[in-house]
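Chemist: What follows is a single structure, and I will ask about it in a moment.
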Amino acid sequence: MPSITKRTYTERAAAHPIAVARQLLECIDRKKSNLCVSVDVPNKASLLRIAAAAGPYCCCIKTHIDIVSDFDDDLVAQLQALAEKHDFLIWEDRKFADIGNTVKLQYSSGVYKIASWAHITNAHPIPGDGIVTGLAQVGLPLNRGLLLLAEMSSAGNLATGDYTATTVAMARRHTDFVMGYVAMRRVDEDPKTAGGVAEGEGADFVIMTPGVGLDTKGDGMGQQYRTPDEVINQSGCDVIIVGRGIYGGGDGNPDEKIVEECKRYQQAGWKAYEDRL
Ligand code: BMP
């Protein structure tokens, strides 16, 4: 089998065992966009406005729903309607990090009821396999997908070396629910972290990568930015995640600026993918 980085998103979609991964990979090809827009704003109106402006240009909108001060169920209903209208998936960047029983409750219940609306969520592997089995009990019946944080973009983070390799091994034990990683490179095909599995022979994991920016290298709080080419072409990741580079911080750029930046990142991400193939 060719290495994953030499397969098209469509070829990968056709062969993927997880429904939501198929949905994401198909959407990427349909829209020619491997751009996920991260919308980290503190109020409902801004979140919906930015999602509406960015929606046509991205495959995924990533939320941190607990940032929104005026959260209500209508926000979720409107976000879901935008996802339908503009053809994108919703990823709640919850970063679960507790034992299985606790994350199961955090995922299904409380104010946010994340599993009821987010196609994708993510978890730190630190508690061990129980975090995946707990989340899977809620997510699998709803056809949701999970990303494990195998690496992080911030300076000095601890998700390196053996930690990353152990995360890859954990993901391989749960290929019905773990659809991919948050990582900075193709961790499942790198000999240092792939655990002896040869290139092109392992399960297909979607690598979604934050820390992407065309204009700056950092944010003064540890974030480290790389270009779409470095991420997709040189490091073999699948989806670029761009937040402030597009919405601009605070309550967000005006719509025209958001659209302009979306187009810029969409084009750069797609070119990097074509160059990689
Ligand atoms: P920005 O492009 O504005 O730096 O935002 C990056 C987004 O990706 C944030 O929502 C952050 O929580 C998330 N993220 C990250 O930056 N690094 C990681 O390692 C994992 C993340 O989820």
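By convention here, the chains of the structure tokens are called A, B, ... in the order presented, each chain's residues are numbered starting at 1, and ligands are numbered starting at 1 in the order presented.
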Please extract the residues of range 19-235 of chain A with a backbone DSSP assignment of strand (DSSP E or B) and present them as a PyMOL selection string.
Modeler: chain A and resi 35-39+60-63+89-96+120-123+145-149+178-182+206-209+212+218+224+226
Chemist: Go ahead and write the selection's residues with N, CA and C atoms as a compact mmCIF listing (two decimals), in the first residue's frame.
Modeler:
```txt
# COMPACT_ATOMS: atom_id res chain seq x y z
N LEU A 35 -9.15 22.91 5.39
CA LEU A 35 -9.09 23.96 6.42
C LEU A 35 -10.15 23.74 7.48
N CYS A 36 -9.71 23.70 8.74
CA CYS A 36 -10.62 23.70 9.89
C CYS A 36 -10.47 25.07 10.55
N VAL A 37 -11.57 25.77 10.72
CA VAL A 37 -11.49 27.10 11.34
C VAL A 37 -11.84 26.97 12.82
N SER A 38 -10.93 27.45 13.65
CA SER A 38 -11.11 27.41 15.09
C SER A 38 -11.73 28.74 15.53
N VAL A 39 -12.92 28.67 16.12
CA VAL A 39 -13.65 29.91 16.45
C VAL A 39 -13.70 30.06 17.97
N CYS A 60 -14.48 22.02 8.42
CA CYS A 60 -14.78 21.79 9.83
C CYS A 60 -14.71 23.13 10.59
N ILE A 61 -15.62 23.29 11.53
CA ILE A 61 -15.52 24.41 12.46
C ILE A 61 -15.23 23.81 13.84
N LYS A 62 -14.20 24.34 14.48
CA LYS A 62 -13.81 23.84 15.81
C LYS A 62 -14.24 24.84 16.86
N THR A 63 -14.91 24.33 17.90
CA THR A 63 -15.39 25.21 18.97
C THR A 63 -14.69 24.89 20.29
N LEU A 89 -18.25 19.95 9.16
CA LEU A 89 -18.45 19.19 10.39
C LEU A 89 -18.14 20.08 11.59
N ILE A 90 -18.64 19.67 12.74
CA ILE A 90 -18.39 20.43 13.98
C ILE A 90 -17.51 19.58 14.91
N TRP A 91 -16.46 20.22 15.38
CA TRP A 91 -15.54 19.56 16.33
C TRP A 91 -15.51 20.39 17.61
N GLU A 92 -15.95 19.79 18.70
CA GLU A 92 -15.81 20.46 19.99
C GLU A 92 -14.47 20.03 20.60
N ASP A 93 -13.60 21.03 20.75
CA ASP A 93 -12.22 20.80 21.20
C ASP A 93 -12.21 20.72 22.73
N ARG A 94 -12.83 19.66 23.27
CA ARG A 94 -13.05 19.55 24.72
C ARG A 94 -11.82 19.07 25.47
N LYS A 95 -10.95 18.35 24.77
CA LYS A 95 -9.74 17.80 25.42
C LYS A 95 -10.06 17.11 26.74
N PHE A 96 -10.90 16.09 26.67
CA PHE A 96 -11.21 15.29 27.85
C PHE A 96 -9.91 14.71 28.42
N ILE A 120 -17.18 15.48 16.07
CA ILE A 120 -15.85 15.07 16.49
C ILE A 120 -15.55 15.70 17.85
N THR A 121 -14.86 14.96 18.71
CA THR A 121 -14.28 15.58 19.90
C THR A 121 -12.89 14.98 20.11
N ASN A 122 -12.20 15.42 21.14
CA ASN A 122 -10.83 14.94 21.33
C ASN A 122 -10.53 14.69 22.80
N ALA A 123 -9.45 13.93 23.03
CA ALA A 123 -9.11 13.55 24.39
C ALA A 123 -7.60 13.43 24.53
N GLY A 145 -16.78 10.62 16.22
CA GLY A 145 -15.38 10.22 16.11
C GLY A 145 -14.53 10.93 17.14
N LEU A 146 -13.43 10.28 17.52
CA LEU A 146 -12.53 10.82 18.54
C LEU A 146 -11.13 11.03 17.98
N LEU A 147 -10.51 12.14 18.36
CA LEU A 147 -9.11 12.39 18.06
C LEU A 147 -8.33 12.29 19.37
N LEU A 148 -7.18 11.64 19.33
CA LEU A 148 -6.30 11.63 20.52
C LEU A 148 -5.21 12.67 20.33
N LEU A 149 -4.89 13.38 21.39
CA LEU A 149 -3.80 14.37 21.32
C LEU A 149 -2.47 13.63 21.46
N VAL A 178 -11.53 5.85 17.37
CA VAL A 178 -10.46 6.84 17.22
C VAL A 178 -10.18 7.04 15.73
N MET A 179 -10.57 8.19 15.23
CA MET A 179 -10.44 8.46 13.79
C MET A 179 -9.14 9.18 13.45
N GLY A 180 -8.44 9.66 14.46
CA GLY A 180 -7.20 10.37 14.15
C GLY A 180 -6.57 11.00 15.37
N TYR A 181 -5.66 11.92 15.06
CA TYR A 181 -4.86 12.57 16.10
C TYR A 181 -4.85 14.07 15.94
N VAL A 182 -4.67 14.76 17.03
CA VAL A 182 -4.08 16.09 16.97
C VAL A 182 -2.58 15.83 17.06
N VAL A 206 -6.69 10.32 10.64
CA VAL A 206 -6.70 11.69 10.10
C VAL A 206 -5.93 12.57 11.08
N ILE A 207 -4.93 13.27 10.56
CA ILE A 207 -4.10 14.11 11.44
C ILE A 207 -4.52 15.57 11.30
N MET A 208 -5.02 16.12 12.38
CA MET A 208 -5.52 17.49 12.38
C MET A 208 -4.55 18.35 13.20
N THR A 209 -4.11 19.44 12.60
CA THR A 209 -2.94 20.13 13.14
C THR A 209 -3.14 21.61 13.42
N VAL A 212 -1.17 26.92 13.03
CA VAL A 212 -0.97 27.25 11.63
C VAL A 212 -1.21 28.75 11.44
N GLY A 218 4.34 33.17 16.45
CA GLY A 218 3.92 32.83 17.81
C GLY A 218 2.95 33.85 18.35
N GLN A 224 2.99 28.10 18.73
CA GLN A 224 4.02 28.14 17.69
C GLN A 224 3.35 27.89 16.34
N ARG A 226 3.23 27.35 12.16
CA ARG A 226 3.91 26.92 10.94
C ARG A 226 2.99 27.20 9.76
```
Chemist: Would you mind listing the residues within 7 Å of ligand 1, counting only C-alpha atoms and all ligand atoms, as a list in words?
Modeler: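 Listed by chain and ascending number, the contacts are Ser38, Asp40, His64, Asp93, Glu151, Met152, Ser153, Ser154, Val182, Pro210, Gly211, Val212, Gly213, Gln223, Ile241, Val242, Gly243, Arg244 and Gly245 of chain A.
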Chemist: Looking only at alpha helix (DSSP H) from DSSP on the backbone, list the matching residues of range 22-230 of chain A as a ChimeraX atom specification.
Modeler: /A:22-31,44-54,73-86,100-108,130-139,161-172,228
Chemist: With C-alpha atoms retained, export the selected residues as a PDB file, in the first residue's frame.
Modeler:
```pdb
ATOM      1  CA  ARG A  22     -15.478   9.183   5.713  1.00  0.00           C
ATOM      2  CA  GLN A  23     -17.785  12.183   6.004  1.00  0.00           C
ATOM      3  CA  LEU A  24     -14.856  14.505   6.783  1.00  0.00           C
ATOM      4  CA  LEU A  25     -12.576  13.158   4.032  1.00  0.00           C
ATOM      5  CA  GLU A  26     -15.392  13.341   1.466  1.00  0.00           C
ATOM      6  CA  CYS A  27     -16.218  16.886   2.533  1.00  0.00           C
ATOM      7  CA  ILE A  28     -12.557  17.914   2.184  1.00  0.00           C
ATOM      8  CA  ASP A  29     -12.495  16.700  -1.410  1.00  0.00           C
ATOM      9  CA  ARG A  30     -15.931  18.053  -2.304  1.00  0.00           C
ATOM     10  CA  LYS A  31     -15.019  21.538  -1.105  1.00  0.00           C
ATOM     11  CA  LYS A  44     -22.890  33.431  20.746  1.00  0.00           C
ATOM     12  CA  ALA A  45     -23.474  36.136  18.126  1.00  0.00           C
ATOM     13  CA  SER A  46     -19.789  36.320  17.195  1.00  0.00           C
ATOM     14  CA  LEU A  47     -19.401  32.560  17.050  1.00  0.00           C
ATOM     15  CA  LEU A  48     -22.387  32.232  14.708  1.00  0.00           C
ATOM     16  CA  ARG A  49     -21.334  35.189  12.586  1.00  0.00           C
ATOM     17  CA  ILE A  50     -17.807  33.823  12.083  1.00  0.00           C
ATOM     18  CA  ALA A  51     -19.092  30.295  11.413  1.00  0.00           C
ATOM     19  CA  ALA A  52     -21.484  31.695   8.789  1.00  0.00           C
ATOM     20  CA  ALA A  53     -18.701  33.682   7.091  1.00  0.00           C
ATOM     21  CA  ALA A  54     -16.118  30.863   7.215  1.00  0.00           C
ATOM     22  CA  ASP A  73     -29.378  25.380  23.205  1.00  0.00           C
ATOM     23  CA  ASP A  74     -30.306  27.723  20.370  1.00  0.00           C
ATOM     24  CA  LEU A  75     -26.593  28.319  19.696  1.00  0.00           C
ATOM     25  CA  VAL A  76     -26.200  24.609  19.042  1.00  0.00           C
ATOM     26  CA  ALA A  77     -29.326  24.515  16.843  1.00  0.00           C
ATOM     27  CA  GLN A  78     -28.061  27.446  14.783  1.00  0.00           C
ATOM     28  CA  LEU A  79     -24.551  26.035  14.480  1.00  0.00           C
ATOM     29  CA  GLN A  80     -25.970  22.711  13.297  1.00  0.00           C
ATOM     30  CA  ALA A  81     -28.108  24.554  10.724  1.00  0.00           C
ATOM     31  CA  LEU A  82     -24.982  26.350   9.448  1.00  0.00           C
ATOM     32  CA  ALA A  83     -23.137  23.032   9.237  1.00  0.00           C
ATOM     33  CA  GLU A  84     -25.963  21.660   7.067  1.00  0.00           C
ATOM     34  CA  LYS A  85     -26.190  24.756   4.918  1.00  0.00           C
ATOM     35  CA  HIS A  86     -22.465  25.197   4.298  1.00  0.00           C
ATOM     36  CA  GLY A 100     -13.726   6.668  31.621  1.00  0.00           C
ATOM     37  CA  ASN A 101     -16.749   7.039  33.882  1.00  0.00           C
ATOM     38  CA  THR A 102     -16.212  10.776  34.343  1.00  0.00           C
ATOM     39  CA  VAL A 103     -15.595  11.607  30.683  1.00  0.00           C
ATOM     40  CA  LYS A 104     -18.639   9.567  29.704  1.00  0.00           C
ATOM     41  CA  LEU A 105     -20.757  11.906  31.842  1.00  0.00           C
ATOM     42  CA  GLN A 106     -18.917  15.042  30.694  1.00  0.00           C
ATOM     43  CA  TYR A 107     -19.438  14.051  27.047  1.00  0.00           C
ATOM     44  CA  SER A 108     -23.136  13.183  27.297  1.00  0.00           C
ATOM     45  CA  GLY A 130     -10.433   3.821  29.783  1.00  0.00           C
ATOM     46  CA  ILE A 131     -10.851   7.361  28.481  1.00  0.00           C
ATOM     47  CA  VAL A 132     -11.469   5.970  25.000  1.00  0.00           C
ATOM     48  CA  THR A 133     -13.823   3.197  26.125  1.00  0.00           C
ATOM     49  CA  GLY A 134     -15.800   5.647  28.280  1.00  0.00           C
ATOM     50  CA  LEU A 135     -16.216   8.163  25.460  1.00  0.00           C
ATOM     51  CA  ALA A 136     -16.949   5.383  22.959  1.00  0.00           C
ATOM     52  CA  GLN A 137     -19.906   4.194  25.026  1.00  0.00           C
ATOM     53  CA  VAL A 138     -21.544   7.547  24.345  1.00  0.00           C
ATOM     54  CA  GLY A 139     -20.078   8.392  20.941  1.00  0.00           C
ATOM     55  CA  GLY A 161       8.738  10.771  22.266  1.00  0.00           C
ATOM     56  CA  ASP A 162       7.414   7.699  24.100  1.00  0.00           C
ATOM     57  CA  TYR A 163       4.239   9.546  25.064  1.00  0.00           C
ATOM     58  CA  THR A 164       3.428  10.050  21.383  1.00  0.00           C
ATOM     59  CA  ALA A 165       4.351   6.455  20.483  1.00  0.00           C
ATOM     60  CA  THR A 166       2.148   5.127  23.307  1.00  0.00           C
ATOM     61  CA  THR A 167      -0.706   7.296  22.032  1.00  0.00           C
ATOM     62  CA  VAL A 168      -0.380   5.797  18.552  1.00  0.00           C
ATOM     63  CA  ALA A 169      -0.460   2.284  20.058  1.00  0.00           C
ATOM     64  CA  MET A 170      -3.571   3.233  22.063  1.00  0.00           C
ATOM     65  CA  ALA A 171      -5.347   4.573  18.982  1.00  0.00           C
ATOM     66  CA  ARG A 172      -4.621   1.322  17.142  1.00  0.00           C
ATOM     67  CA  PRO A 228       0.210  25.182   5.569  1.00  0.00           C
TER      68      PRO A 228
END
```
Chemist: Counting only C-alpha atoms, which of A:Ile67, A:Val259, A:Ala183, A:Ala203 gets nearest to His16 in chain A?
Modeler: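 When distances to His16 in chain A are compared using only C-alpha atoms, the smallest one comes from A:Ala203.
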Chemist: Can you tell me which residues surround Ser235 in chain A at a distance of at most 8 Å, considering only C-alpha atoms, apart from same-chain residues fewer than 5 positions away, and format the answer as a list in words?
Modeler: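 So, after excluding close chain neighbours, the residues are Met184, Arg185, Arg186 and Glu230 of chain A.
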Chemist: Would you mind exporting N, CA and C atoms of the selected residues as a short mmCIF file (atom, residue, chain, number, x, y, z; two decimals), in the first residue's frame?
Modeler:
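Result file is result22.cif:
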```cif
data_model
loop_
_atom_site.label_atom_id
_atom_site.label_comp_id
_atom_site.auth_asym_id
_atom_site.auth_seq_id
_atom_site.Cartn_x
_atom_site.Cartn_y
_atom_site.Cartn_z
N MET A 184 1.53 17.05 15.13
CA MET A 184 2.27 18.03 14.33
C MET A 184 2.88 17.40 13.09
N ARG A 185 2.81 16.07 13.01
CA ARG A 185 3.39 15.38 11.85
C ARG A 185 2.72 14.02 11.74
N ARG A 186 3.11 13.23 10.74
CA ARG A 186 2.50 11.93 10.46
C ARG A 186 2.99 10.92 11.49
N GLU A 230 4.38 23.68 5.42
CA GLU A 230 5.15 22.91 6.41
C GLU A 230 4.30 21.80 7.04
#
```
Chemist: From the set A:Arg144, A:Asn43, A:Asp98, A:Leu158, which residue has the shortest atom-to-atom contact distance to Ala115 in chain A, counting only C-alpha atoms?
Modeler: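 Smallest distance to Ala115 in chain A is found for A:Arg144.
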Chemist: In Å, with one decimal, what is the gap from CA of Ser69 in chain A to CA of Lys257 in chain A?
Modeler: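 Computed distance, CA of Ser69 in chain A to CA of Lys257 in chain A, equals 24.6 Å.
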Chemist: So the first atom is CA of Tyr247 in chain A and the second is CA of Asp70 in chain A; what is the distance between them in Å, to one decimal place?
Modeler: 19.3 Å
Chemist: Find the distance between CA of Glu260 in chain A and CA of Ser33 in chain A and write it in Å to one decimal.
Modeler: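 For CA of Glu260 in chain A relative to CA of Ser33 in chain A, the distance reads 14.4 Å.
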Chemist: Do a neighbour search on Glu189 in chain A at 7 Å with only C-alpha atoms, toss out local chain neighbours closer than 3 positions, and write the hits as a ChimeraX atom specification.
Modeler: /A:186,194,198-199
Chemist: May I ask which of the residues A:Asn157, A:Ile240, A:Gly196, A:Val68 is the closest one to Tyr225 in chain A, counting only C-alpha atoms?
Modeler: A:Ile240
Chemist: Using only C-alpha atoms, which residue out of A:Lys113, A:Arg12, A:Lys6, A:Arg173 lies closest to Ile232 in chain A?
Modeler: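 Closest candidate: A:Lys6.
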